[in-house]
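So this block is query_14.cif, mmCIF, C-alpha atoms:
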```cif
data_final
#
loop_
_atom_site.label_atom_id
_atom_site.label_comp_id
_atom_site.auth_asym_id
_atom_site.auth_seq_id
_atom_site.Cartn_x
_atom_site.Cartn_y
_atom_site.Cartn_z
CA MET A 26 2.80 -14.72 17.31
CA ILE A 27 0.74 -11.82 18.61
CA GLU A 28 3.73 -9.50 18.31
CA THR A 29 4.45 -10.74 14.78
CA PHE A 30 0.83 -10.19 13.75
CA SER A 31 0.70 -6.74 15.38
CA LEU A 32 3.89 -5.52 13.70
CA ALA A 33 2.85 -6.87 10.30
CA PHE A 34 -0.70 -5.53 10.58
CA VAL A 35 0.49 -2.03 11.49
CA ALA A 36 3.13 -2.05 8.74
CA PHE A 37 0.55 -2.97 6.09
CA LEU A 38 -2.08 -0.63 7.53
CA VAL A 39 0.30 2.33 7.31
CA THR A 40 1.80 1.58 3.89
CA ILE A 41 -1.52 0.67 2.21
CA ASP A 42 -3.34 3.47 4.09
CA PRO A 43 -7.03 2.65 3.38
CA LEU A 44 -8.40 6.02 4.56
CA GLY A 45 -5.79 7.91 2.56
CA ILE A 46 -6.83 6.07 -0.61
CA VAL A 47 -10.52 7.04 -0.26
CA PRO A 48 -10.25 10.65 -1.58
CA VAL A 49 -8.07 9.51 -4.50
CA PHE A 50 -10.43 6.62 -5.27
CA LEU A 51 -13.41 8.97 -5.31
CA GLY A 52 -11.45 11.33 -7.55
CA VAL A 53 -10.49 8.79 -10.22
CA THR A 54 -13.97 7.20 -10.21
CA GLY A 55 -15.82 10.50 -10.46
CA GLY A 56 -18.93 10.09 -12.60
CA VAL A 57 -18.96 6.30 -12.18
CA ALA A 58 -22.18 4.78 -10.81
CA SER A 59 -22.16 3.16 -7.37
CA ALA A 60 -22.25 -0.37 -8.81
CA GLY A 61 -19.37 0.38 -11.14
CA ARG A 62 -17.38 2.01 -8.35
CA ARG A 63 -17.77 -1.06 -6.16
CA ARG A 64 -16.77 -3.33 -9.03
CA ILE A 65 -13.64 -1.23 -9.56
CA ALA A 66 -12.91 -1.43 -5.81
CA ALA A 67 -13.17 -5.24 -5.84
CA GLN A 68 -11.01 -5.59 -8.95
CA GLY A 69 -8.43 -3.10 -7.66
CA VAL A 70 -8.08 -4.84 -4.29
CA LEU A 71 -7.78 -8.19 -6.07
CA VAL A 72 -5.05 -6.93 -8.43
CA GLY A 73 -3.12 -5.09 -5.72
CA GLY A 74 -3.52 -7.97 -3.27
CA LEU A 75 -2.21 -10.55 -5.75
CA ILE A 76 0.84 -8.41 -6.46
CA LEU A 77 1.59 -8.02 -2.76
CA LEU A 78 1.13 -11.75 -2.14
CA VAL A 79 3.51 -12.60 -5.00
CA PHE A 80 6.19 -10.29 -3.62
CA ALA A 81 5.62 -11.58 -0.09
CA VAL A 82 6.06 -15.21 -1.14
CA LEU A 83 8.72 -14.81 -3.83
CA GLY A 84 10.46 -11.63 -2.68
CA GLU A 85 13.33 -13.37 -0.93
CA ALA A 86 13.97 -15.60 -3.96
CA VAL A 87 14.09 -12.52 -6.18
CA LEU A 88 16.60 -10.89 -3.83
CA ASP A 89 18.77 -14.03 -3.90
CA ALA A 90 18.65 -14.11 -7.69
CA LEU A 91 19.81 -10.48 -7.80
CA GLY A 92 22.55 -11.12 -5.25
CA ILE A 93 21.03 -8.73 -2.69
CA THR A 94 21.53 -9.72 0.93
CA LEU A 95 18.73 -9.45 3.47
CA PRO A 96 20.64 -6.95 5.66
CA ALA A 97 21.15 -4.69 2.64
CA PHE A 98 17.48 -4.90 1.70
CA ARG A 99 16.38 -4.25 5.28
CA ILE A 100 18.50 -1.08 5.39
CA ALA A 101 17.35 0.11 1.94
CA GLY A 102 13.72 -0.84 2.63
CA GLY A 103 13.81 0.84 6.03
CA LEU A 104 15.12 4.05 4.46
CA MET A 105 12.38 3.92 1.81
CA LEU A 106 9.69 3.48 4.45
CA LEU A 107 11.27 6.29 6.44
CA ALA A 108 10.94 8.58 3.41
CA ILE A 109 7.24 7.66 3.15
CA ALA A 110 6.86 8.35 6.89
CA PHE A 111 8.33 11.84 6.42
CA GLU A 112 5.85 12.44 3.58
CA MET A 113 2.97 11.43 5.84
CA VAL A 114 4.11 13.47 8.84
CA PHE A 115 4.71 16.60 6.77
CA GLU A 116 1.54 16.03 4.70
CA ARG A 117 3.09 15.51 1.29
CA ARG A 118 1.77 12.05 0.49
CA ASN A 119 -1.93 12.84 -0.01
CA PRO A 120 -1.28 15.94 -2.19
CA ARG A 121 1.00 13.80 -4.38
CA ARG A 122 -1.69 11.13 -4.60
CA GLY A 123 -4.28 13.79 -5.36
CA GLY A 124 -2.16 15.14 -8.20
CA THR A 125 -1.85 11.65 -9.64
CA ALA A 126 -5.62 11.17 -9.40
CA GLU A 127 -6.33 14.42 -11.24
CA HIS A 128 -3.83 13.51 -13.96
CA ILE A 129 -5.35 10.05 -14.45
CA ARG A 130 -8.88 11.46 -14.47
CA ASP A 131 -7.99 14.09 -17.09
CA GLU A 132 -6.30 11.48 -19.30
CA GLN A 133 -9.28 9.13 -19.00
CA LYS A 134 -11.71 11.93 -19.80
CA GLY A 135 -9.76 12.76 -22.93
CA ARG A 136 -9.81 9.14 -24.10
CA ASP A 137 -13.54 8.86 -23.39
CA GLU A 138 -14.25 11.95 -25.49
CA GLN A 139 -12.28 10.52 -28.40
CA GLN A 140 -13.38 6.87 -28.23
CA GLY A 141 -16.58 6.89 -26.19
CA HIS A 142 -17.14 4.94 -22.98
CA ASP A 143 -15.48 1.55 -23.00
CA ALA A 144 -16.38 -1.47 -20.86
CA GLN A 145 -12.65 -1.80 -20.23
CA LYS A 146 -12.49 1.59 -18.52
CA GLY A 147 -13.39 0.28 -15.06
CA PHE A 148 -10.82 -2.50 -15.19
CA ASP A 149 -8.17 -0.05 -16.41
CA LEU A 150 -8.79 2.12 -13.36
CA ALA A 151 -8.75 -0.94 -11.12
CA VAL A 152 -5.29 -1.90 -12.39
CA PHE A 153 -3.89 1.64 -12.57
CA PRO A 154 -3.84 3.68 -10.44
CA LEU A 155 -5.82 1.69 -7.84
CA GLY A 156 -4.09 -1.70 -7.94
CA ILE A 157 -0.73 -0.17 -8.82
CA PRO A 158 0.61 2.01 -7.25
CA LEU A 159 -2.04 3.02 -4.68
CA ILE A 160 -2.46 -0.45 -3.13
CA ALA A 161 0.65 -2.32 -4.26
CA GLY A 162 3.00 0.63 -4.06
CA PRO A 163 6.72 0.61 -3.26
CA GLY A 164 6.05 1.01 0.46
CA ALA A 165 3.58 -1.88 0.71
CA ILE A 166 5.75 -4.16 -1.45
CA THR A 167 8.78 -3.35 0.69
CA ALA A 168 6.79 -3.98 3.88
CA ALA A 169 5.58 -7.34 2.54
CA ILE A 170 9.11 -8.54 1.76
CA LEU A 171 10.57 -7.20 5.01
CA GLN A 172 7.88 -8.77 7.19
CA MET A 173 8.21 -12.15 5.48
CA THR A 174 12.02 -12.18 5.67
CA ARG A 175 11.81 -11.16 9.32
CA ALA A 176 9.88 -14.39 9.93
CA GLU A 177 12.37 -16.38 7.83
CA GLY A 178 12.42 -20.09 8.63
CA ASP A 179 9.22 -19.97 10.69
CA LEU A 180 6.30 -21.07 8.52
CA ALA A 181 3.78 -20.31 11.26
CA ALA A 182 5.08 -16.74 11.62
CA GLN A 183 5.03 -16.26 7.84
CA GLY A 184 1.44 -17.50 7.81
CA VAL A 185 0.62 -14.90 10.47
CA VAL A 186 2.19 -12.19 8.28
CA LEU A 187 0.10 -13.28 5.30
CA ALA A 188 -3.01 -13.29 7.52
CA ALA A 189 -2.22 -9.70 8.56
CA LEU A 190 -1.89 -8.75 4.88
CA LEU A 191 -5.19 -10.41 3.94
CA LEU A 192 -6.96 -8.72 6.86
CA ASN A 193 -5.67 -5.34 5.67
CA LEU A 194 -6.88 -6.08 2.15
CA LEU A 195 -10.33 -6.96 3.54
CA LEU A 196 -10.34 -3.73 5.54
CA LEU A 197 -9.33 -1.81 2.41
CA PHE A 198 -12.12 -3.41 0.38
CA LEU A 199 -14.73 -2.51 3.01
CA THR A 200 -13.36 1.02 3.15
CA LEU A 201 -13.59 1.46 -0.64
CA TRP A 202 -17.03 -0.22 -0.68
CA LEU A 203 -18.20 2.52 1.69
CA ALA A 204 -16.05 5.19 0.06
CA ALA A 205 -18.89 7.50 -0.91
CA ALA A 206 -20.28 7.57 2.64
CA LEU A 207 -16.83 7.88 4.20
CA GLY A 208 -15.90 10.68 1.80
CA ARG A 209 -18.68 12.84 3.22
CA HIS A 210 -17.32 12.46 6.77
CA LEU A 211 -13.56 12.37 6.17
CA THR A 212 -12.61 16.03 6.38
CA PRO A 213 -9.13 17.06 5.20
CA THR A 214 -8.19 17.85 8.81
CA LEU A 215 -9.20 14.38 10.02
CA ILE A 216 -7.24 12.71 7.22
CA GLN A 217 -4.18 14.84 8.02
CA VAL A 218 -4.28 13.97 11.72
CA PHE A 219 -4.73 10.26 10.99
CA SER A 220 -1.99 10.30 8.35
CA ARG A 221 0.50 12.02 10.63
CA LEU A 222 -0.14 9.61 13.49
CA LEU A 223 0.41 6.65 11.18
CA GLY A 224 3.49 8.39 9.77
CA LEU A 225 5.05 8.49 13.24
CA VAL A 226 4.38 4.77 13.69
CA LEU A 227 5.81 3.97 10.25
CA GLY A 228 8.89 6.06 11.02
CA ALA A 229 9.57 4.02 14.14
CA LEU A 230 9.13 0.74 12.24
CA ALA A 231 11.41 1.99 9.46
CA VAL A 232 14.18 2.91 11.91
CA GLN A 233 13.87 -0.53 13.50
CA PHE A 234 14.33 -2.17 10.09
CA VAL A 235 17.48 -0.11 9.51
CA ILE A 236 18.85 -1.02 12.96
CA ASP A 237 18.13 -4.73 12.33
CA GLY A 238 19.83 -4.56 8.95
CA ILE A 239 22.96 -2.86 10.32
CA ARG A 240 23.16 -5.31 13.22
CA GLN A 241 22.88 -8.33 10.89
CA ALA A 242 25.43 -6.85 8.47
CA PHE A 243 28.00 -6.48 11.28
CA LEU A 244 27.26 -9.95 12.67
CA ALA A 245 27.77 -11.47 9.22
CA ALA A 246 31.06 -9.61 8.66
#
```

Would you put the structure from the file into C-alpha coordinates?
Amino acid sequence: MIETFSLAFVAFLVTIDPLGIVPVFLGVTGGVASAGRRRIAAQGVLVGGLILLVFAVLGEAVLDALGITLPAFRIAGGLMLLAIAFEMVFERRNPRRGGTAEHIRDEQKGRDEQQGHDAQKGFDLAVFPLGIPLIAGPGAITAAILQMTRAEGDLAAQGVVLAALLLNLLLLFLTLWLAAALGRHLTPTLIQVFSRLLGLVLGALAVQFVIDGIRQAFLAA
(Lines of atoms letter the chains of each structure in order from A and count residues from 1; the text may use other names and numbers.)
(Lines give C-alpha, C1' and ligand atoms only; values in the text may rest on other atoms or scores of the structure.)
Protein backbone atom coordinates (compact mmCIF):
# COMPACT_ATOMS: atom_id res chain seq x y z
CA MET A 1 0.00 0.00 0.00
CA ILE A 2 2.86 2.36 0.75
CA GLU A 3 4.30 1.78 -2.71
CA THR A 4 0.89 2.33 -4.32
CA PHE A 5 0.40 5.58 -2.40
CA SER A 6 3.94 6.79 -3.19
CA LEU A 7 3.63 6.14 -6.93
CA ALA A 8 0.18 7.74 -7.12
CA PHE A 9 1.20 10.74 -5.01
CA VAL A 10 4.28 11.44 -7.14
CA ALA A 11 2.32 10.99 -10.38
CA PHE A 12 -0.32 13.51 -9.28
CA LEU A 13 2.25 15.88 -7.79
CA VAL A 14 4.16 16.03 -11.07
CA THR A 15 1.19 16.27 -13.43
CA ILE A 16 -0.76 18.82 -11.34
CA ASP A 17 2.47 20.68 -10.45
CA PRO A 18 1.29 23.06 -7.66
CA LEU A 19 4.40 25.28 -7.72
CA GLY A 20 4.29 25.55 -11.50
CA ILE A 21 0.69 26.77 -11.35
CA VAL A 22 1.49 29.62 -8.92
CA PRO A 23 2.98 32.09 -11.48
CA VAL A 24 0.13 31.41 -13.92
CA PHE A 25 -2.47 31.78 -11.16
CA LEU A 26 -0.99 35.11 -10.11
CA GLY A 27 -0.98 36.19 -13.75
CA VAL A 28 -4.63 35.44 -14.50
CA THR A 29 -5.80 36.89 -11.17
CA GLY A 30 -3.80 40.09 -11.50
CA GLY A 31 -5.74 43.00 -10.02
CA VAL A 32 -8.00 40.71 -7.97
CA ALA A 33 -8.12 41.36 -4.22
CA SER A 34 -6.70 38.77 -1.83
CA ALA A 35 -10.15 37.57 -0.74
CA GLY A 36 -11.27 37.19 -4.34
CA ARG A 37 -8.06 35.39 -5.27
CA ARG A 38 -8.54 32.89 -2.47
CA ARG A 39 -12.16 32.35 -3.48
CA ILE A 40 -11.03 31.66 -7.05
CA ALA A 41 -8.40 29.24 -5.72
CA ALA A 42 -11.02 27.31 -3.71
CA GLN A 43 -13.47 27.17 -6.61
CA GLY A 44 -10.76 26.19 -9.10
CA VAL A 45 -9.46 23.34 -6.93
CA LEU A 46 -13.03 22.14 -6.39
CA VAL A 47 -13.82 22.16 -10.12
CA GLY A 48 -10.53 20.56 -11.15
CA GLY A 49 -10.70 18.04 -8.32
CA LEU A 50 -14.23 16.93 -9.21
CA ILE A 51 -13.22 16.41 -12.83
CA LEU A 52 -10.21 14.32 -11.82
CA LEU A 53 -12.31 12.26 -9.40
CA VAL A 54 -14.91 11.57 -12.10
CA PHE A 55 -12.25 10.38 -14.54
CA ALA A 56 -10.55 8.33 -11.82
CA VAL A 57 -13.78 6.53 -10.90
CA LEU A 58 -15.40 6.26 -14.34
CA GLY A 59 -12.35 6.30 -16.60
CA GLU A 60 -12.16 2.54 -17.06
CA ALA A 61 -15.88 2.35 -17.89
CA VAL A 62 -15.42 5.06 -20.52
CA LEU A 63 -12.51 3.14 -22.03
CA ASP A 64 -14.63 -0.03 -22.16
CA ALA A 65 -17.47 1.84 -23.83
CA LEU A 66 -15.05 3.13 -26.48
CA GLY A 67 -13.54 -0.31 -26.99
CA ILE A 68 -10.08 0.80 -25.80
CA THR A 69 -8.08 -1.86 -23.99
CA LEU A 70 -6.12 -1.06 -20.84
CA PRO A 71 -2.75 -2.02 -22.41
CA ALA A 72 -3.43 0.36 -25.31
CA PHE A 73 -4.36 3.18 -22.94
CA ARG A 74 -1.32 2.53 -20.74
CA ILE A 75 0.97 2.81 -23.79
CA ALA A 76 -0.79 5.93 -25.13
CA GLY A 77 -1.03 7.51 -21.67
CA GLY A 78 2.61 6.73 -20.94
CA LEU A 79 3.67 8.39 -24.19
CA MET A 80 1.56 11.46 -23.36
CA LEU A 81 3.11 11.74 -19.91
CA LEU A 82 6.54 11.27 -21.48
CA ALA A 83 5.85 14.23 -23.78
CA ILE A 84 4.93 16.35 -20.73
CA ALA A 85 8.13 15.16 -19.01
CA PHE A 86 10.19 16.34 -21.98
CA GLU A 87 8.45 19.73 -21.78
CA MET A 88 9.34 20.00 -18.10
CA VAL A 89 12.96 18.91 -18.51
CA PHE A 90 13.59 21.25 -21.43
CA GLU A 91 11.58 24.08 -19.79
CA ARG A 92 8.77 24.41 -22.31
CA ARG A 93 5.80 23.77 -20.05
CA ASN A 94 5.86 26.94 -17.94
CA PRO A 95 6.38 29.29 -20.93
CA ARG A 96 3.39 27.63 -22.63
CA ARG A 97 1.34 28.06 -19.47
CA GLY A 98 2.51 31.65 -19.18
CA GLY A 99 1.41 32.37 -22.74
CA THR A 100 -2.01 30.92 -21.98
CA ALA A 101 -2.27 33.07 -18.85
CA GLU A 102 -1.44 36.26 -20.76
CA HIS A 103 -3.97 35.40 -23.46
CA ILE A 104 -6.72 34.73 -20.91
CA ARG A 105 -5.89 37.90 -18.98
CA ASP A 106 -6.00 40.04 -22.14
CA GLU A 107 -9.34 38.53 -23.18
CA GLN A 108 -10.80 39.09 -19.71
CA LYS A 109 -9.56 42.67 -19.64
CA GLY A 110 -11.24 43.34 -22.96
CA ARG A 111 -14.55 41.93 -21.74
CA ASP A 112 -14.34 43.95 -18.51
CA GLU A 113 -13.79 47.17 -20.47
CA GLN A 114 -16.85 46.46 -22.61
CA GLN A 115 -19.22 45.09 -19.97
CA GLY A 116 -17.81 46.26 -16.65
CA HIS A 117 -16.80 43.99 -13.78
CA ASP A 118 -19.07 41.00 -13.39
CA ALA A 119 -19.57 38.88 -10.26
CA GLN A 120 -19.23 35.88 -12.56
CA LYS A 121 -15.66 36.83 -13.50
CA GLY A 122 -14.03 35.01 -10.57
CA PHE A 123 -15.95 31.81 -11.19
CA ASP A 124 -15.11 31.98 -14.90
CA LEU A 125 -11.41 32.12 -14.04
CA ALA A 126 -11.84 29.29 -11.54
CA VAL A 127 -13.32 27.05 -14.23
CA PHE A 128 -11.01 28.16 -17.05
CA PRO A 129 -8.07 28.22 -17.07
CA LEU A 130 -7.57 27.18 -13.41
CA GLY A 131 -9.89 24.18 -13.11
CA ILE A 132 -9.40 23.19 -16.75
CA PRO A 133 -6.73 22.74 -18.03
CA LEU A 134 -4.23 23.84 -15.35
CA ILE A 135 -5.47 21.44 -12.64
CA ALA A 136 -7.47 18.85 -14.58
CA GLY A 137 -5.25 18.82 -17.63
CA PRO A 138 -4.57 15.90 -19.99
CA GLY A 139 -1.59 14.76 -17.93
CA ALA A 140 -3.44 14.70 -14.59
CA ILE A 141 -6.51 13.02 -16.12
CA THR A 142 -4.30 10.39 -17.74
CA ALA A 143 -2.44 9.83 -14.46
CA ALA A 144 -5.75 9.42 -12.59
CA ILE A 145 -7.03 6.76 -14.98
CA LEU A 146 -3.69 4.94 -15.17
CA GLN A 147 -3.23 4.81 -11.40
CA MET A 148 -6.78 3.55 -10.83
CA THR A 149 -6.55 0.87 -13.54
CA ARG A 150 -3.19 -0.20 -12.15
CA ALA A 151 -4.99 -1.00 -8.88
CA GLU A 152 -7.80 -2.75 -10.76
CA GLY A 153 -9.74 -5.24 -8.64
CA ASP A 154 -8.24 -4.02 -5.36
CA LEU A 155 -10.66 -1.60 -3.69
CA ALA A 156 -8.21 -0.82 -0.90
CA ALA A 157 -5.48 0.12 -3.41
CA GLN A 158 -7.93 2.25 -5.39
CA GLY A 159 -8.90 4.00 -2.16
CA VAL A 160 -5.21 4.70 -1.54
CA VAL A 161 -4.92 6.22 -5.04
CA LEU A 162 -7.92 8.48 -4.38
CA ALA A 163 -6.39 9.48 -1.03
CA ALA A 164 -3.16 10.43 -2.84
CA LEU A 165 -5.21 12.54 -5.28
CA LEU A 166 -7.12 14.29 -2.49
CA LEU A 167 -3.88 15.00 -0.61
CA ASN A 168 -2.42 16.59 -3.75
CA LEU A 169 -5.54 18.71 -4.17
CA LEU A 170 -5.22 19.86 -0.54
CA LEU A 171 -1.56 20.70 -1.14
CA LEU A 172 -2.52 22.60 -4.29
CA PHE A 173 -5.18 24.59 -2.42
CA LEU A 174 -2.72 25.56 0.32
CA THR A 175 -0.17 26.54 -2.32
CA LEU A 176 -2.66 28.77 -4.15
CA TRP A 177 -3.93 30.18 -0.83
CA LEU A 178 -0.37 31.33 -0.16
CA ALA A 179 0.31 32.17 -3.80
CA ALA A 180 1.09 35.84 -3.27
CA ALA A 181 3.70 35.08 -0.60
CA LEU A 182 5.15 32.17 -2.56
CA GLY A 183 5.31 34.27 -5.72
CA ARG A 184 7.75 36.64 -4.03
CA HIS A 185 10.13 33.79 -3.18
CA LEU A 186 9.74 31.50 -6.20
CA THR A 187 12.40 32.79 -8.55
CA PRO A 188 12.34 31.59 -12.18
CA THR A 189 15.56 29.65 -11.53
CA LEU A 190 14.06 27.81 -8.55
CA ILE A 191 10.93 26.92 -10.52
CA GLN A 192 13.04 25.65 -13.43
CA VAL A 193 15.16 23.43 -11.18
CA PHE A 194 12.10 22.02 -9.42
CA SER A 195 10.27 21.49 -12.71
CA ARG A 196 13.19 19.66 -14.30
CA LEU A 197 13.63 17.36 -11.32
CA LEU A 198 9.94 16.48 -11.39
CA GLY A 199 10.17 16.05 -15.17
CA LEU A 200 12.83 13.36 -14.73
CA VAL A 201 10.62 11.53 -12.24
CA LEU A 202 7.59 11.80 -14.53
CA GLY A 203 9.67 10.52 -17.45
CA ALA A 204 10.60 7.40 -15.49
CA LEU A 205 6.96 6.80 -14.50
CA ALA A 206 5.83 7.31 -18.10
CA VAL A 207 8.33 4.76 -19.42
CA GLN A 208 7.16 2.28 -16.79
CA PHE A 209 3.56 2.72 -17.95
CA VAL A 210 4.62 2.03 -21.54
CA ILE A 211 6.57 -1.08 -20.48
CA ASP A 212 3.58 -2.35 -18.47
CA GLY A 213 1.26 -1.75 -21.41
CA ILE A 214 3.51 -3.58 -23.89
CA ARG A 215 3.97 -6.49 -21.49
CA GLN A 216 0.21 -6.84 -20.94
CA ALA A 217 -0.48 -6.56 -24.67
CA PHE A 218 1.90 -9.46 -25.42
CA LEU A 219 0.54 -11.56 -22.55
CA ALA A 220 -3.00 -11.07 -23.83
CA ALA A 221 -2.06 -11.98 -27.42

task: Find, counting all atoms listed in the file, the residue in A:Gln217, A:Gln233, A:Ser59, A:Asn193 that gets nearest to Leu38 in chain A.
output: A:Asn193

Listing only residues of range 145-203 of chain A within 8 Å of range 99-116 of chain A, what is the closest atom pair and its distance in Å (to one decimal) for each, using all atoms listed in the file, sorted by chain and residue number ascending, as a tab-separated table?
```
residue	atom	partner	partner_atom	distance
A:Gly164	CA	A:Leu106	CA	5.9
A:Thr167	CA	A:Gly102	CA	5.9
A:Ala168	CA	A:Gly102	CA	7.7
A:Leu171	CA	A:Arg99	CA	6.5
```

task: Compute the distance from (-2.1, -1.4, 7.3) to each atom, counting all atoms listed in the file, keep the residues with any atom at most 9 Å away, and return them as a list in words; use the coordinates of the file.
output: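 Output of the proximity query reads Ala33, Phe34, Val35, Ala36, Phe37, Leu38, Val39, Thr40, Ile41, Asp42, Pro43, Ala165, Ala189, Leu190, Leu192, Asn193, Leu194, Leu196 and Leu197 of chain A.
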
message: Please enumerate the residues selected by the PyMOL selection byres ((chain A and resi 174) around 12) when evaluated against the supplied file, formatted as a ChimeraX atom specification.
response: /A:29,33,80-86,88-89,94-96,98-99,102,167-173,175-180,182-183,186-187,234,237-238

- prompt: In Å, with one decimal, what is the gap from CA of Gly156 in chain A to CA of Leu75 in chain A?
  reply: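 A separation of 9.3 Å between them.
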
- request: Rank nothing, just name the residue among A:Phe148, A:Ile216, A:Ile76, A:Leu227 nearest to Ala161 in chain A, using all atoms listed in the file.
  value: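 The shortest atom-to-atom distance to Ala161 in chain A comes from A:Ile76.
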
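Residue nearest Val185 in chain A, chosen from A:Ile236, A:Ile27, A:Leu78, A:Leu199 and counting all atoms listed in the file: A:Ile27.
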
Given 5 Å of margin on each side, can you work out the centre and size in Å (one decimal) of an axis-aligned box holding every listed atom of range 53-66 of chain A, as lines of an AutoDock Vina configuration file?
```
center_x = -16.4
center_y = 3.6
center_z = -9.2
size_x = 21.8
size_y = 23.8
size_z = 16.8
```

query: Hey, what comes out of the PyMOL selection byres ((chain A and resi 152) around 10) on this file? Could you write it as a PyMOL selection string?
result: chain A and resi 65+68-73+147-151+153-160

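Proximity of A:Leu203, A:Ala181, A:Val232, A:Ile239 to Phe30 in chain A, computed with all atoms listed in the file, is greatest for A:Ala181.
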
- request: Tell me, in Å to one decimal, how far CA of Met26 in chain A is from CA of Arg221 in chain A.
  value: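 It comes out at 27.7 Å.
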
- request: To one decimal in Å, tell me the separation between CA of Thr54 in chain A and CA of Gly208 in chain A.
  value: 12.7 Å

message: Could you check the closest approach to Ser31 in chain A for each of A:Leu201, A:Leu230, A:Leu211, A:Val47 and tell me which residue wins, using all atoms listed in the file?
response: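 Closest to Ser31 in chain A, using all atoms listed in the file: A:Leu230.
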
Give me range 44-61 of chain A with N, CA and C atoms filled in, as a PDB file, keeping the file's coordinate frame.
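Output below, filename out24.pdb:
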```
ATOM      1  N   LEU A  44      -7.698   4.731   4.513  1.00  0.00           N
ATOM      2  CA  LEU A  44      -8.400   6.020   4.560  1.00  0.00           C
ATOM      3  C   LEU A  44      -7.770   7.030   3.612  1.00  0.00           C
ATOM      4  N   GLY A  45      -6.460   6.978   3.465  1.00  0.00           N
ATOM      5  CA  GLY A  45      -5.790   7.910   2.560  1.00  0.00           C
ATOM      6  C   GLY A  45      -6.130   7.657   1.102  1.00  0.00           C
ATOM      7  N   ILE A  46      -6.489   6.408   0.778  1.00  0.00           N
ATOM      8  CA  ILE A  46      -6.830   6.070  -0.610  1.00  0.00           C
ATOM      9  C   ILE A  46      -8.225   6.560  -0.980  1.00  0.00           C
ATOM     10  N   VAL A  47      -9.111   6.698   0.021  1.00  0.00           N
ATOM     11  CA  VAL A  47     -10.520   7.040  -0.260  1.00  0.00           C
ATOM     12  C   VAL A  47     -10.671   8.298  -1.116  1.00  0.00           C
ATOM     13  N   PRO A  48     -10.063   9.455  -0.751  1.00  0.00           N
ATOM     14  CA  PRO A  48     -10.250  10.650  -1.580  1.00  0.00           C
ATOM     15  C   PRO A  48      -9.743  10.465  -3.003  1.00  0.00           C
ATOM     16  N   VAL A  49      -8.621   9.744  -3.164  1.00  0.00           N
ATOM     17  CA  VAL A  49      -8.070   9.510  -4.500  1.00  0.00           C
ATOM     18  C   VAL A  49      -8.999   8.581  -5.285  1.00  0.00           C
ATOM     19  N   PHE A  50      -9.511   7.555  -4.626  1.00  0.00           N
ATOM     20  CA  PHE A  50     -10.430   6.620  -5.270  1.00  0.00           C
ATOM     21  C   PHE A  50     -11.681   7.351  -5.755  1.00  0.00           C
ATOM     22  N   LEU A  51     -12.222   8.205  -4.913  1.00  0.00           N
ATOM     23  CA  LEU A  51     -13.410   8.970  -5.310  1.00  0.00           C
ATOM     24  C   LEU A  51     -13.080   9.906  -6.467  1.00  0.00           C
ATOM     25  N   GLY A  52     -11.847  10.420  -6.479  1.00  0.00           N
ATOM     26  CA  GLY A  52     -11.450  11.330  -7.550  1.00  0.00           C
ATOM     27  C   GLY A  52     -11.352  10.634  -8.902  1.00  0.00           C
ATOM     28  N   VAL A  53     -10.694   9.470  -8.936  1.00  0.00           N
ATOM     29  CA  VAL A  53     -10.490   8.790 -10.220  1.00  0.00           C
ATOM     30  C   VAL A  53     -11.762   8.100 -10.705  1.00  0.00           C
ATOM     31  N   THR A  54     -12.719   7.848  -9.803  1.00  0.00           N
ATOM     32  CA  THR A  54     -13.970   7.200 -10.210  1.00  0.00           C
ATOM     33  C   THR A  54     -15.115   8.198 -10.285  1.00  0.00           C
ATOM     34  N   GLY A  55     -14.785   9.476 -10.368  1.00  0.00           N
ATOM     35  CA  GLY A  55     -15.820  10.500 -10.460  1.00  0.00           C
ATOM     36  C   GLY A  55     -16.704  10.271 -11.683  1.00  0.00           C
ATOM     37  N   GLY A  56     -18.004  10.320 -11.497  1.00  0.00           N
ATOM     38  CA  GLY A  56     -18.930  10.090 -12.600  1.00  0.00           C
ATOM     39  C   GLY A  56     -19.301   8.636 -12.807  1.00  0.00           C
ATOM     40  N   VAL A  57     -18.653   7.726 -12.072  1.00  0.00           N
ATOM     41  CA  VAL A  57     -18.960   6.300 -12.180  1.00  0.00           C
ATOM     42  C   VAL A  57     -20.096   5.970 -11.213  1.00  0.00           C
ATOM     43  N   ALA A  58     -21.053   5.164 -11.651  1.00  0.00           N
ATOM     44  CA  ALA A  58     -22.180   4.780 -10.810  1.00  0.00           C
ATOM     45  C   ALA A  58     -21.691   3.950  -9.627  1.00  0.00           C
ATOM     46  N   SER A  59     -22.532   3.878  -8.592  1.00  0.00           N
ATOM     47  CA  SER A  59     -22.160   3.160  -7.370  1.00  0.00           C
ATOM     48  C   SER A  59     -21.764   1.713  -7.645  1.00  0.00           C
ATOM     49  N   ALA A  60     -22.548   1.030  -8.499  1.00  0.00           N
ATOM     50  CA  ALA A  60     -22.250  -0.370  -8.810  1.00  0.00           C
ATOM     51  C   ALA A  60     -20.898  -0.494  -9.500  1.00  0.00           C
ATOM     52  N   GLY A  61     -20.654   0.402 -10.441  1.00  0.00           N
ATOM     53  CA  GLY A  61     -19.370   0.380 -11.140  1.00  0.00           C
ATOM     54  C   GLY A  61     -18.218   0.695 -10.227  1.00  0.00           C
TER      55      GLY A  61
END
```
